[in-house]
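Here is the file input32.pdb (PDB, N, CA and C atoms).
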```
ATOM      1  N   PRO A   1       0.811  -1.214   0.000
ATOM      2  CA  PRO A   1       0.000   0.000   0.000
ATOM      3  C   PRO A   1       0.852   1.275   0.000
ATOM      4  N   THR A   2       2.032   1.214   0.599
ATOM      5  CA  THR A   2       2.870   2.405   0.652
ATOM      6  C   THR A   2       3.316   2.824  -0.743
ATOM      7  N   ARG A   3       3.684   1.857  -1.546
ATOM      8  CA  ARG A   3       4.131   2.172  -2.905
ATOM      9  C   ARG A   3       2.998   2.841  -3.689
ATOM     10  N   GLN A   4       1.790   2.332  -3.559
ATOM     11  CA  GLN A   4       0.651   2.913  -4.277
ATOM     12  C   GLN A   4       0.384   4.341  -3.800
ATOM     13  N   LEU A   5       0.467   4.564  -2.501
ATOM     14  CA  LEU A   5       0.256   5.912  -1.974
ATOM     15  C   LEU A   5       1.321   6.883  -2.479
ATOM     16  N   VAL A   6       2.562   6.420  -2.528
ATOM     17  CA  VAL A   6       3.645   7.265  -3.024
ATOM     18  C   VAL A   6       3.441   7.576  -4.502
ATOM     19  N   MET A   7       3.073   6.562  -5.277
ATOM     20  CA  MET A   7       2.838   6.786  -6.709
ATOM     21  C   MET A   7       1.661   7.741  -6.941
ATOM     22  N   ASP A   8       0.608   7.594  -6.140
ATOM     23  CA  ASP A   8      -0.536   8.504  -6.269
ATOM     24  C   ASP A   8      -0.126   9.938  -5.966
ATOM     25  N   ARG A   9       0.644  10.110  -4.915
ATOM     26  CA  ARG A   9       1.097  11.460  -4.537
ATOM     27  C   ARG A   9       2.025  12.041  -5.602
ATOM     28  N   PHE A  10       2.946  11.207  -6.078
ATOM     29  CA  PHE A  10       3.856  11.627  -7.145
ATOM     30  C   PHE A  10       3.073  12.060  -8.381
ATOM     31  N   ALA A  11       2.109  11.254  -8.788
ATOM     32  CA  ALA A  11       1.312  11.564  -9.976
ATOM     33  C   ALA A  11       0.556  12.878  -9.806
ATOM     34  N   SER A  12      -0.010  13.076  -8.636
ATOM     35  CA  SER A  12      -0.762  14.300  -8.374
ATOM     36  C   SER A  12       0.146  15.533  -8.431
ATOM     37  N   GLU A  13       1.289  15.442  -7.804
ATOM     38  CA  GLU A  13       2.232  16.571  -7.815
ATOM     39  C   GLU A  13       2.766  16.828  -9.223
ATOM     40  N   ALA A  14       3.123  15.760  -9.926
ATOM     41  CA  ALA A  14       3.664  15.905 -11.275
ATOM     42  C   ALA A  14       2.620  16.502 -12.217
ATOM     43  N   ALA A  15       1.389  16.025 -12.132
ATOM     44  CA  ALA A  15       0.323  16.527 -13.003
ATOM     45  C   ALA A  15       0.084  18.011 -12.758
ATOM     46  N   GLY A  16       0.018  18.398 -11.502
ATOM     47  CA  GLY A  16      -0.186  19.813 -11.188
ATOM     48  C   GLY A  16       0.937  20.683 -11.721
ATOM     49  N   PHE A  17       2.168  20.223 -11.552
ATOM     50  CA  PHE A  17       3.327  20.971 -12.031
ATOM     51  C   PHE A  17       3.313  21.096 -13.548
ATOM     52  N   VAL A  18       3.071  19.979 -14.236
ATOM     53  CA  VAL A  18       3.094  19.980 -15.700
ATOM     54  C   VAL A  18       2.014  20.893 -16.269
ATOM     55  N   VAL A  19       0.809  20.774 -15.774
ATOM     56  CA  VAL A  19      -0.287  21.589 -16.307
ATOM     57  C   VAL A  19      -0.015  23.067 -16.057
ATOM     58  N   ASP A  20       0.334  23.414 -14.837
ATOM     59  CA  ASP A  20       0.592  24.825 -14.530
ATOM     60  C   ASP A  20       1.773  25.364 -15.332
ATOM     61  N   SER A  21       2.839  24.587 -15.441
ATOM     62  CA  SER A  21       4.025  25.023 -16.180
ATOM     63  C   SER A  21       3.749  25.131 -17.674
ATOM     64  N   ASP A  22       3.100  24.116 -18.234
ATOM     65  CA  ASP A  22       2.825  24.136 -19.667
ATOM     66  C   ASP A  22       1.907  25.297 -20.036
ATOM     67  N   PHE A  23       0.852  25.504 -19.289
ATOM     68  CA  PHE A  23      -0.094  26.556 -19.639
ATOM     69  C   PHE A  23       0.455  27.960 -19.364
ATOM     70  N   ALA A  24       1.578  28.059 -18.688
ATOM     71  CA  ALA A  24       2.227  29.357 -18.490
ATOM     72  C   ALA A  24       3.073  29.747 -19.705
ATOM     73  N   LEU A  25       3.259  28.797 -20.630
ATOM     74  CA  LEU A  25       4.089  29.025 -21.813
ATOM     75  C   LEU A  25       3.230  29.133 -23.073
ATOM     76  N   PRO A  26       3.786  29.738 -24.123
ATOM     77  CA  PRO A  26       3.091  29.699 -25.414
ATOM     78  C   PRO A  26       3.011  28.252 -25.898
ATOM     79  N   ALA A  27       2.017  27.927 -26.690
ATOM     80  CA  ALA A  27       1.800  26.551 -27.152
ATOM     81  C   ALA A  27       3.042  25.958 -27.810
ATOM     82  N   SER A  28       3.788  26.747 -28.529
ATOM     83  CA  SER A  28       4.972  26.239 -29.236
ATOM     84  C   SER A  28       6.094  25.799 -28.297
ATOM     85  N   GLU A  29       6.042  26.233 -27.044
ATOM     86  CA  GLU A  29       7.097  25.888 -26.085
ATOM     87  C   GLU A  29       6.667  24.852 -25.054
ATOM     88  N   ARG A  30       5.432  24.395 -25.110
ATOM     89  CA  ARG A  30       4.923  23.445 -24.121
ATOM     90  C   ARG A  30       5.492  22.050 -24.339
ATOM     91  N   LYS A  31       5.559  21.297 -23.257
ATOM     92  CA  LYS A  31       6.094  19.933 -23.309
ATOM     93  C   LYS A  31       5.016  18.895 -23.596
ATOM     94  N   LEU A  32       3.851  18.980 -22.947
ATOM     95  CA  LEU A  32       2.808  17.963 -23.109
ATOM     96  C   LEU A  32       1.482  18.495 -23.639
ATOM     97  N   LEU A  33       1.133  19.705 -23.344
ATOM     98  CA  LEU A  33      -0.200  20.213 -23.676
ATOM     99  C   LEU A  33      -0.171  21.274 -24.768
ATOM    100  N   ALA A  34       0.549  20.990 -25.829
ATOM    101  CA  ALA A  34       0.695  21.958 -26.921
ATOM    102  C   ALA A  34      -0.533  22.023 -27.816
ATOM    103  N   GLY A  35      -1.394  21.020 -27.767
ATOM    104  CA  GLY A  35      -2.539  20.973 -28.665
ATOM    105  C   GLY A  35      -3.797  21.633 -28.155
ATOM    106  N   VAL A  36      -3.756  22.158 -26.937
ATOM    107  CA  VAL A  36      -4.938  22.801 -26.349
ATOM    108  C   VAL A  36      -4.527  24.057 -25.608
ATOM    109  N   GLU A  37      -5.501  24.923 -25.433
ATOM    110  CA  GLU A  37      -5.305  26.134 -24.638
ATOM    111  C   GLU A  37      -5.869  25.908 -23.242
ATOM    112  N   PRO A  38      -5.500  26.719 -22.270
ATOM    113  CA  PRO A  38      -5.944  26.510 -20.884
ATOM    114  C   PRO A  38      -7.465  26.488 -20.697
ATOM    115  N   THR A  39      -8.199  27.105 -21.599
ATOM    116  CA  THR A  39      -9.660  27.137 -21.474
ATOM    117  C   THR A  39     -10.352  26.210 -22.465
ATOM    118  N   GLU A  40      -9.579  25.389 -23.164
ATOM    119  CA  GLU A  40     -10.095  24.528 -24.233
ATOM    120  C   GLU A  40     -11.037  23.449 -23.711
ATOM    121  N   THR A  41     -12.225  23.373 -24.316
ATOM    122  CA  THR A  41     -13.167  22.294 -23.990
ATOM    123  C   THR A  41     -13.760  21.656 -25.245
ATOM    124  N   ASP A  42     -13.327  22.106 -26.424
ATOM    125  CA  ASP A  42     -13.821  21.540 -27.675
ATOM    126  C   ASP A  42     -13.476  20.051 -27.728
ATOM    127  N   GLU A  43     -14.483  19.215 -27.913
ATOM    128  CA  GLU A  43     -14.284  17.769 -27.838
ATOM    129  C   GLU A  43     -13.228  17.254 -28.818
ATOM    130  N   ASP A  44     -13.249  17.711 -30.046
ATOM    131  CA  ASP A  44     -12.286  17.221 -31.031
ATOM    132  C   ASP A  44     -10.849  17.566 -30.645
ATOM    133  N   ARG A  45     -10.645  18.778 -30.186
ATOM    134  CA  ARG A  45      -9.278  19.188 -29.787
ATOM    135  C   ARG A  45      -8.838  18.474 -28.521
ATOM    136  N   VAL A  46      -9.747  18.309 -27.582
ATOM    137  CA  VAL A  46      -9.415  17.589 -26.343
ATOM    138  C   VAL A  46      -9.066  16.141 -26.675
ATOM    139  N   ARG A  47      -9.866  15.496 -27.507
ATOM    140  CA  ARG A  47      -9.594  14.107 -27.882
ATOM    141  C   ARG A  47      -8.250  13.980 -28.612
ATOM    142  N   ALA A  48      -7.937  14.920 -29.487
ATOM    143  CA  ALA A  48      -6.645  14.886 -30.181
ATOM    144  C   ALA A  48      -5.500  14.995 -29.180
ATOM    145  N   GLN A  49      -5.657  15.860 -28.186
ATOM    146  CA  GLN A  49      -4.619  15.988 -27.162
ATOM    147  C   GLN A  49      -4.516  14.705 -26.337
ATOM    148  N   LEU A  50      -5.641  14.069 -26.061
ATOM    149  CA  LEU A  50      -5.632  12.809 -25.314
ATOM    150  C   LEU A  50      -4.908  11.709 -26.088
ATOM    151  N   VAL A  51      -5.102  11.661 -27.396
ATOM    152  CA  VAL A  51      -4.383  10.685 -28.227
ATOM    153  C   VAL A  51      -2.881  10.913 -28.093
ATOM    154  N   ASP A  52      -2.460  12.170 -28.160
ATOM    155  CA  ASP A  52      -1.045  12.506 -28.034
ATOM    156  C   ASP A  52      -0.500  12.128 -26.654
ATOM    157  N   LEU A  53      -1.246  12.416 -25.613
ATOM    158  CA  LEU A  53      -0.797  12.075 -24.253
ATOM    159  C   LEU A  53      -0.680  10.560 -24.074
ATOM    160  N   GLN A  54      -1.618   9.825 -24.623
ATOM    161  CA  GLN A  54      -1.597   8.373 -24.524
ATOM    162  C   GLN A  54      -0.310   7.831 -25.154
ATOM    163  N   LEU A  55       0.067   8.387 -26.278
ATOM    164  CA  LEU A  55       1.291   7.960 -26.951
ATOM    165  C   LEU A  55       2.531   8.385 -26.173
ATOM    166  N   ARG A  56       2.566   9.616 -25.739
ATOM    167  CA  ARG A  56       3.769  10.140 -25.091
ATOM    168  C   ARG A  56       3.994   9.595 -23.686
ATOM    169  N   ILE A  57       2.925   9.325 -22.958
ATOM    170  CA  ILE A  57       3.085   8.852 -21.578
ATOM    171  C   ILE A  57       3.093   7.334 -21.493
ATOM    172  N   LEU A  58       2.175   6.673 -22.206
ATOM    173  CA  LEU A  58       2.059   5.214 -22.093
ATOM    174  C   LEU A  58       2.582   4.464 -23.317
ATOM    175  N   SER A  59       3.090   5.182 -24.297
ATOM    176  CA  SER A  59       3.598   4.579 -25.535
ATOM    177  C   SER A  59       2.552   3.728 -26.232
ATOM    178  N   GLU A  60       1.312   4.170 -26.175
ATOM    179  CA  GLU A  60       0.207   3.482 -26.832
ATOM    180  C   GLU A  60      -0.329   4.333 -27.965
ATOM    181  N   THR A  61      -0.491   3.710 -29.114
ATOM    182  CA  THR A  61      -1.131   4.383 -30.235
ATOM    183  C   THR A  61      -2.619   4.067 -30.158
ATOM    184  N   VAL A  62      -3.421   5.105 -30.005
ATOM    185  CA  VAL A  62      -4.869   4.949 -29.891
ATOM    186  C   VAL A  62      -5.548   5.865 -30.898
ATOM    187  N   THR A  63      -6.838   5.651 -31.103
ATOM    188  CA  THR A  63      -7.595   6.478 -32.041
ATOM    189  C   THR A  63      -8.496   7.445 -31.280
ATOM    190  N   LEU A  64      -8.923   8.485 -31.977
ATOM    191  CA  LEU A  64      -9.786   9.502 -31.372
ATOM    192  C   LEU A  64     -11.056   8.917 -30.762
ATOM    193  N   ASP A  65     -11.570   7.847 -31.374
ATOM    194  CA  ASP A  65     -12.811   7.251 -30.885
ATOM    195  C   ASP A  65     -12.580   5.917 -30.173
ATOM    196  N   GLY A  66     -11.337   5.657 -29.768
ATOM    197  CA  GLY A  66     -11.005   4.413 -29.075
ATOM    198  C   GLY A  66     -11.470   4.410 -27.630
ATOM    199  N   ALA A  67     -11.534   3.224 -27.056
ATOM    200  CA  ALA A  67     -11.997   3.064 -25.676
ATOM    201  C   ALA A  67     -11.125   3.828 -24.681
ATOM    202  N   GLU A  68      -9.824   3.853 -24.917
ATOM    203  CA  GLU A  68      -8.918   4.555 -24.002
ATOM    204  C   GLU A  68      -9.208   6.056 -23.991
ATOM    205  N   VAL A  69      -9.414   6.619 -25.167
ATOM    206  CA  VAL A  69      -9.711   8.046 -25.270
ATOM    207  C   VAL A  69     -11.104   8.338 -24.723
ATOM    208  N   ASP A  70     -12.048   7.439 -24.969
ATOM    209  CA  ASP A  70     -13.377   7.615 -24.381
ATOM    210  C   ASP A  70     -13.292   7.687 -22.855
ATOM    211  N   ALA A  71     -12.480   6.817 -22.271
ATOM    212  CA  ALA A  71     -12.350   6.781 -20.809
ATOM    213  C   ALA A  71     -11.702   8.060 -20.272
ATOM    214  N   THR A  72     -10.619   8.487 -20.892
ATOM    215  CA  THR A  72      -9.956   9.694 -20.388
ATOM    216  C   THR A  72     -10.781  10.946 -20.694
ATOM    217  N   TYR A  73     -11.495  10.939 -21.820
ATOM    218  CA  TYR A  73     -12.387  12.063 -22.114
ATOM    219  C   TYR A  73     -13.518  12.113 -21.079
ATOM    220  N   GLY A  74     -13.994  10.957 -20.660
ATOM    221  CA  GLY A  74     -15.002  10.900 -19.599
ATOM    222  C   GLY A  74     -14.496  11.518 -18.312
ATOM    223  N   LEU A  75     -13.230  11.252 -17.963
ATOM    224  CA  LEU A  75     -12.634  11.881 -16.777
ATOM    225  C   LEU A  75     -12.589  13.395 -16.933
ATOM    226  N   PHE A  76     -12.136  13.829 -18.108
ATOM    227  CA  PHE A  76     -12.053  15.259 -18.393
ATOM    228  C   PHE A  76     -13.417  15.913 -18.204
ATOM    229  N   GLN A  77     -14.436  15.320 -18.811
ATOM    230  CA  GLN A  77     -15.793  15.858 -18.727
ATOM    231  C   GLN A  77     -16.340  15.818 -17.302
ATOM    232  N   SER A  78     -16.045  14.760 -16.565
ATOM    233  CA  SER A  78     -16.564  14.661 -15.196
ATOM    234  C   SER A  78     -15.994  15.761 -14.308
ATOM    235  N   ARG A  79     -14.741  16.117 -14.534
ATOM    236  CA  ARG A  79     -14.143  17.206 -13.734
ATOM    237  C   ARG A  79     -14.782  18.539 -14.088
ATOM    238  N   LEU A  80     -15.029  18.756 -15.364
ATOM    239  CA  LEU A  80     -15.715  19.989 -15.768
ATOM    240  C   LEU A  80     -17.120  20.042 -15.180
ATOM    241  N   ALA A  81     -17.827  18.915 -15.210
ATOM    242  CA  ALA A  81     -19.198  18.857 -14.706
ATOM    243  C   ALA A  81     -19.281  19.102 -13.209
ATOM    244  N   SER A  82     -18.195  18.802 -12.504
ATOM    245  CA  SER A  82     -18.198  19.013 -11.052
ATOM    246  C   SER A  82     -17.724  20.412 -10.670
ATOM    247  N   GLY A  83     -17.592  21.285 -11.667
ATOM    248  CA  GLY A  83     -17.234  22.673 -11.388
ATOM    249  C   GLY A  83     -15.767  22.995 -11.547
ATOM    250  N   GLY A  84     -14.985  22.051 -12.033
ATOM    251  CA  GLY A  84     -13.564  22.296 -12.235
ATOM    252  C   GLY A  84     -13.302  23.044 -13.531
ATOM    253  N   SER A  85     -12.140  23.617 -13.622
ATOM    254  CA  SER A  85     -11.716  24.309 -14.831
ATOM    255  C   SER A  85     -11.115  23.298 -15.807
ATOM    256  N   PRO A  86     -10.920  23.695 -17.066
ATOM    257  CA  PRO A  86     -10.227  22.793 -17.984
ATOM    258  C   PRO A  86      -8.831  22.409 -17.474
ATOM    259  N   ALA A  87      -8.129  23.338 -16.842
ATOM    260  CA  ALA A  87      -6.809  23.004 -16.287
ATOM    261  C   ALA A  87      -6.935  21.919 -15.217
ATOM    262  N   ASP A  88      -7.957  22.020 -14.371
ATOM    263  CA  ASP A  88      -8.202  20.975 -13.365
ATOM    264  C   ASP A  88      -8.482  19.632 -14.035
ATOM    265  N   ALA A  89      -9.232  19.676 -15.126
ATOM    266  CA  ALA A  89      -9.555  18.446 -15.853
ATOM    267  C   ALA A  89      -8.290  17.822 -16.446
ATOM    268  N   TRP A  90      -7.381  18.654 -16.969
ATOM    269  CA  TRP A  90      -6.129  18.119 -17.495
ATOM    270  C   TRP A  90      -5.288  17.512 -16.385
ATOM    271  N   LYS A  91      -5.302  18.118 -15.219
ATOM    272  CA  LYS A  91      -4.561  17.545 -14.081
ATOM    273  C   LYS A  91      -5.106  16.161 -13.740
ATOM    274  N   LEU A  92      -6.427  16.028 -13.715
ATOM    275  CA  LEU A  92      -7.035  14.735 -13.415
ATOM    276  C   LEU A  92      -6.661  13.699 -14.469
ATOM    277  N   VAL A  93      -6.692  14.075 -15.724
ATOM    278  CA  VAL A  93      -6.323  13.156 -16.803
ATOM    279  C   VAL A  93      -4.868  12.713 -16.654
ATOM    280  N   LEU A  94      -3.975  13.645 -16.378
ATOM    281  CA  LEU A  94      -2.568  13.288 -16.226
ATOM    282  C   LEU A  94      -2.342  12.387 -15.016
ATOM    283  N   VAL A  95      -3.049  12.636 -13.922
ATOM    284  CA  VAL A  95      -2.943  11.748 -12.761
ATOM    285  C   VAL A  95      -3.364  10.334 -13.168
ATOM    286  N   ALA A  96      -4.448  10.224 -13.893
ATOM    287  CA  ALA A  96      -4.925   8.904 -14.332
ATOM    288  C   ALA A  96      -3.896   8.217 -15.216
ATOM    289  N   LEU A  97      -3.304   8.942 -16.141
ATOM    290  CA  LEU A  97      -2.302   8.337 -17.019
ATOM    291  C   LEU A  97      -1.040   7.947 -16.249
ATOM    292  N   LEU A  98      -0.629   8.784 -15.317
ATOM    293  CA  LEU A  98       0.594   8.491 -14.552
ATOM    294  C   LEU A  98       0.406   7.374 -13.528
ATOM    295  N   THR A  99      -0.837   7.083 -13.168
ATOM    296  CA  THR A  99      -1.080   5.977 -12.239
ATOM    297  C   THR A  99      -1.623   4.748 -12.948
ATOM    298  N   ASP A 100      -1.664   4.783 -14.267
ATOM    299  CA  ASP A 100      -2.080   3.617 -15.048
ATOM    300  C   ASP A 100      -1.158   2.443 -14.689
ATOM    301  N   PRO A 101      -1.706   1.257 -14.539
ATOM    302  CA  PRO A 101      -0.865   0.096 -14.196
ATOM    303  C   PRO A 101       0.328  -0.105 -15.135
ATOM    304  N   GLN A 102       0.176   0.233 -16.407
ATOM    305  CA  GLN A 102       1.305   0.121 -17.340
ATOM    306  C   GLN A 102       2.455   1.029 -16.924
ATOM    307  N   MET A 103       2.134   2.164 -16.376
ATOM    308  CA  MET A 103       3.154   3.124 -15.957
ATOM    309  C   MET A 103       3.760   2.717 -14.622
ATOM    310  N   VAL A 104       2.924   2.287 -13.711
ATOM    311  CA  VAL A 104       3.363   1.968 -12.351
ATOM    312  C   VAL A 104       4.182   0.684 -12.321
ATOM    313  N   VAL A 105       3.764  -0.321 -13.060
ATOM    314  CA  VAL A 105       4.440  -1.614 -13.028
ATOM    315  C   VAL A 105       5.697  -1.631 -13.866
ATOM    316  N   TYR A 106       5.777  -0.750 -14.844
ATOM    317  CA  TYR A 106       6.953  -0.693 -15.720
ATOM    318  C   TYR A 106       8.183  -0.579 -14.884
TER
END
```
Target encoding structure tokens, full file:
Amino acid sequence: PTRQLVMDRFASEAAGFVVDSDFALPASERKLLAGVEPTETDEDRVRAQLVDLQLRILSETVTLDGAEVDATYGLFQSRLASGGSPADAWKLVLVALLTDPQMVVY
């Protein structure tokens, strides 16, 4: 349980840092979130960014309408629906990707 708690905390801190740092820069200088703006909620653009994140973080090639993107898009939408900002939604998505079993067990 300690390892899982540490990984969860690490993922949360890393996601917050990445989102805040990336959105403080122009899109051309961002590391992970170059395909969206801090206020972006357009489904097509969000899904395209999710495809890119899936590849860059988990080394998985997925499609815009794939189950993996549907799941992470659902997380994104659920955070928005609960009153969070798009930046908060990106943090939640990154936490989910960083705590994915493929990432943790690797």
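Once region 69-85 of chain A and its same-chain neighbours fewer than 3 positions away are set aside, A:Pro38, A:Thr39, A:Glu40, A:Thr41, A:Glu43, A:Val46, A:Arg47, A:Ala48, A:Gln49, A:Leu50, A:Val51, A:Leu53, A:Gln54, A:Val62, A:Thr63, A:Leu64, A:Asp65, A:Gly66, A:Asp88, A:Ala89, A:Trp90, A:Lys91, A:Leu92, A:Val93, A:Leu94, A:Ala96, A:Leu97 remain within 10 Å of it when counting only C-alpha atoms.
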Output of the above residues as a short mmCIF file (atom, residue, chain, number, x, y, z; two decimals), keeping the file's coordinate frame, restricted to N, CA and C atoms:
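The resulting file, again.cif, is shown below:
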```cif
data_model
loop_
_atom_site.label_atom_id
_atom_site.label_comp_id
_atom_site.auth_asym_id
_atom_site.auth_seq_id
_atom_site.Cartn_x
_atom_site.Cartn_y
_atom_site.Cartn_z
N PRO A 38 -5.50 26.72 -22.27
CA PRO A 38 -5.94 26.51 -20.88
C PRO A 38 -7.46 26.49 -20.70
N THR A 39 -8.20 27.10 -21.60
CA THR A 39 -9.66 27.14 -21.47
C THR A 39 -10.35 26.21 -22.46
N GLU A 40 -9.58 25.39 -23.16
CA GLU A 40 -10.10 24.53 -24.23
C GLU A 40 -11.04 23.45 -23.71
N THR A 41 -12.22 23.37 -24.32
CA THR A 41 -13.17 22.29 -23.99
C THR A 41 -13.76 21.66 -25.24
N GLU A 43 -14.48 19.22 -27.91
CA GLU A 43 -14.28 17.77 -27.84
C GLU A 43 -13.23 17.25 -28.82
N VAL A 46 -9.75 18.31 -27.58
CA VAL A 46 -9.41 17.59 -26.34
C VAL A 46 -9.07 16.14 -26.68
N ARG A 47 -9.87 15.50 -27.51
CA ARG A 47 -9.59 14.11 -27.88
C ARG A 47 -8.25 13.98 -28.61
N ALA A 48 -7.94 14.92 -29.49
CA ALA A 48 -6.64 14.89 -30.18
C ALA A 48 -5.50 15.00 -29.18
N GLN A 49 -5.66 15.86 -28.19
CA GLN A 49 -4.62 15.99 -27.16
C GLN A 49 -4.52 14.70 -26.34
N LEU A 50 -5.64 14.07 -26.06
CA LEU A 50 -5.63 12.81 -25.31
C LEU A 50 -4.91 11.71 -26.09
N VAL A 51 -5.10 11.66 -27.40
CA VAL A 51 -4.38 10.68 -28.23
C VAL A 51 -2.88 10.91 -28.09
N LEU A 53 -1.25 12.42 -25.61
CA LEU A 53 -0.80 12.08 -24.25
C LEU A 53 -0.68 10.56 -24.07
N GLN A 54 -1.62 9.82 -24.62
CA GLN A 54 -1.60 8.37 -24.52
C GLN A 54 -0.31 7.83 -25.15
N VAL A 62 -3.42 5.11 -30.00
CA VAL A 62 -4.87 4.95 -29.89
C VAL A 62 -5.55 5.86 -30.90
N THR A 63 -6.84 5.65 -31.10
CA THR A 63 -7.60 6.48 -32.04
C THR A 63 -8.50 7.44 -31.28
N LEU A 64 -8.92 8.48 -31.98
CA LEU A 64 -9.79 9.50 -31.37
C LEU A 64 -11.06 8.92 -30.76
N ASP A 65 -11.57 7.85 -31.37
CA ASP A 65 -12.81 7.25 -30.88
C ASP A 65 -12.58 5.92 -30.17
N GLY A 66 -11.34 5.66 -29.77
CA GLY A 66 -11.00 4.41 -29.08
C GLY A 66 -11.47 4.41 -27.63
N ASP A 88 -7.96 22.02 -14.37
CA ASP A 88 -8.20 20.98 -13.36
C ASP A 88 -8.48 19.63 -14.04
N ALA A 89 -9.23 19.68 -15.13
CA ALA A 89 -9.56 18.45 -15.85
C ALA A 89 -8.29 17.82 -16.45
N TRP A 90 -7.38 18.65 -16.97
CA TRP A 90 -6.13 18.12 -17.50
C TRP A 90 -5.29 17.51 -16.39
N LYS A 91 -5.30 18.12 -15.22
CA LYS A 91 -4.56 17.55 -14.08
C LYS A 91 -5.11 16.16 -13.74
N LEU A 92 -6.43 16.03 -13.72
CA LEU A 92 -7.04 14.74 -13.42
C LEU A 92 -6.66 13.70 -14.47
N VAL A 93 -6.69 14.08 -15.72
CA VAL A 93 -6.32 13.16 -16.80
C VAL A 93 -4.87 12.71 -16.65
N LEU A 94 -3.98 13.64 -16.38
CA LEU A 94 -2.57 13.29 -16.23
C LEU A 94 -2.34 12.39 -15.02
N ALA A 96 -4.45 10.22 -13.89
CA ALA A 96 -4.92 8.90 -14.33
C ALA A 96 -3.90 8.22 -15.22
N LEU A 97 -3.30 8.94 -16.14
CA LEU A 97 -2.30 8.34 -17.02
C LEU A 97 -1.04 7.95 -16.25
#
```
**Request:** May I have the residues within 6.5 Å of Ala11 (chain A) as a PyMOL selection string, using only N, CA and C atoms and disregarding those fewer than 6 positions away in the same chain?
**Result:** chain A and resi 94-95+98-99
**Request:** Mind giving me the straight-line distance from atom N of Glu13 (chain A) to atom C of Glu68 (chain A) in Å, one decimal?
**Result:**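 Value for the atom N of Glu13 (chain A)-atom C of Glu68 (chain A) distance: 21.5 Å.
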**Request:** State, in Å with one decimal place, the distance from CA of Met7 (chain A) to CA of Gln102 (chain A).
**Result:**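 Straight-line distance from CA of Met7 (chain A) to CA of Gln102 (chain A) works out to 12.6 Å.
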**Message:** To one decimal place in Å, what is the distance between atom C of Val19 (chain A) and atom C of Glu60 (chain A)?
**Reply:**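 Between atom C of Val19 (chain A) and atom C of Glu60 (chain A) the gap is 22.2 Å.
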Would you compute the box with edges along x, y and z of the file around region 42-55 of chain A, including every atom the file lists for it and 6 Å extra on each side, and give its centre and edge lengths in Å to one decimal, as AutoDock Vina command-line options?
```
--center_x -6.0 --center_y 15.0 --center_z -27.6 --size_x 29.0 --size_y 26.3 --size_z 19.0
```
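Considering the residues A:Ala87, A:Asp8, A:Pro101, A:Pro1 and counting only C-alpha atoms, Phe23 (chain A) has its shortest atom-to-atom contact with A:Ala87.
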**Request:** Taking the file above as input, evaluate the PyMOL selection byres (((chain A and resi 22 and name CA) around 12) and name CA) and report the hits as a ChimeraX atom specification.
**Result:** /A:14-21,23-38,87,90-91
**Message:** So, with only C-alpha atoms as the atoms that count, which of A:Arg56, A:Thr2, A:Asp100, A:Asp42 lies closest to Pro86 (chain A)?
**Reply:**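 Of all the options, A:Asp42 lies closest to Pro86 (chain A).
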**Request:** Name the residues of chain A that fall into alpha helix (DSSP H) according to DSSP on the backbone, using the chain letters and numbers of this document, as a VMD selection string.
**Result:** chain A and resid 2 to 23 43 to 58 67 to 81 86 to 98 101 to 105
Just so I have it separately, write region 53-71 of chain A from the block I sent, keeping C-alpha atoms, as a short mmCIF file (atom, residue, chain, number, x, y, z; two decimals), in the first residue's frame.
```cif
data_model
loop_
_atom_site.label_atom_id
_atom_site.label_comp_id
_atom_site.auth_asym_id
_atom_site.auth_seq_id
_atom_site.Cartn_x
_atom_site.Cartn_y
_atom_site.Cartn_z
CA LEU A 53 -0.80 12.08 -24.25
CA GLN A 54 -1.60 8.37 -24.52
CA LEU A 55 1.29 7.96 -26.95
CA ARG A 56 3.77 10.14 -25.09
CA ILE A 57 3.09 8.85 -21.58
CA LEU A 58 2.06 5.21 -22.09
CA SER A 59 3.60 4.58 -25.54
CA GLU A 60 0.21 3.48 -26.83
CA THR A 61 -1.13 4.38 -30.24
CA VAL A 62 -4.87 4.95 -29.89
CA THR A 63 -7.59 6.48 -32.04
CA LEU A 64 -9.79 9.50 -31.37
CA ASP A 65 -12.81 7.25 -30.89
CA GLY A 66 -11.01 4.41 -29.08
CA ALA A 67 -12.00 3.06 -25.68
CA GLU A 68 -8.92 4.55 -24.00
CA VAL A 69 -9.71 8.05 -25.27
CA ASP A 70 -13.38 7.61 -24.38
CA ALA A 71 -12.35 6.78 -20.81
#
```
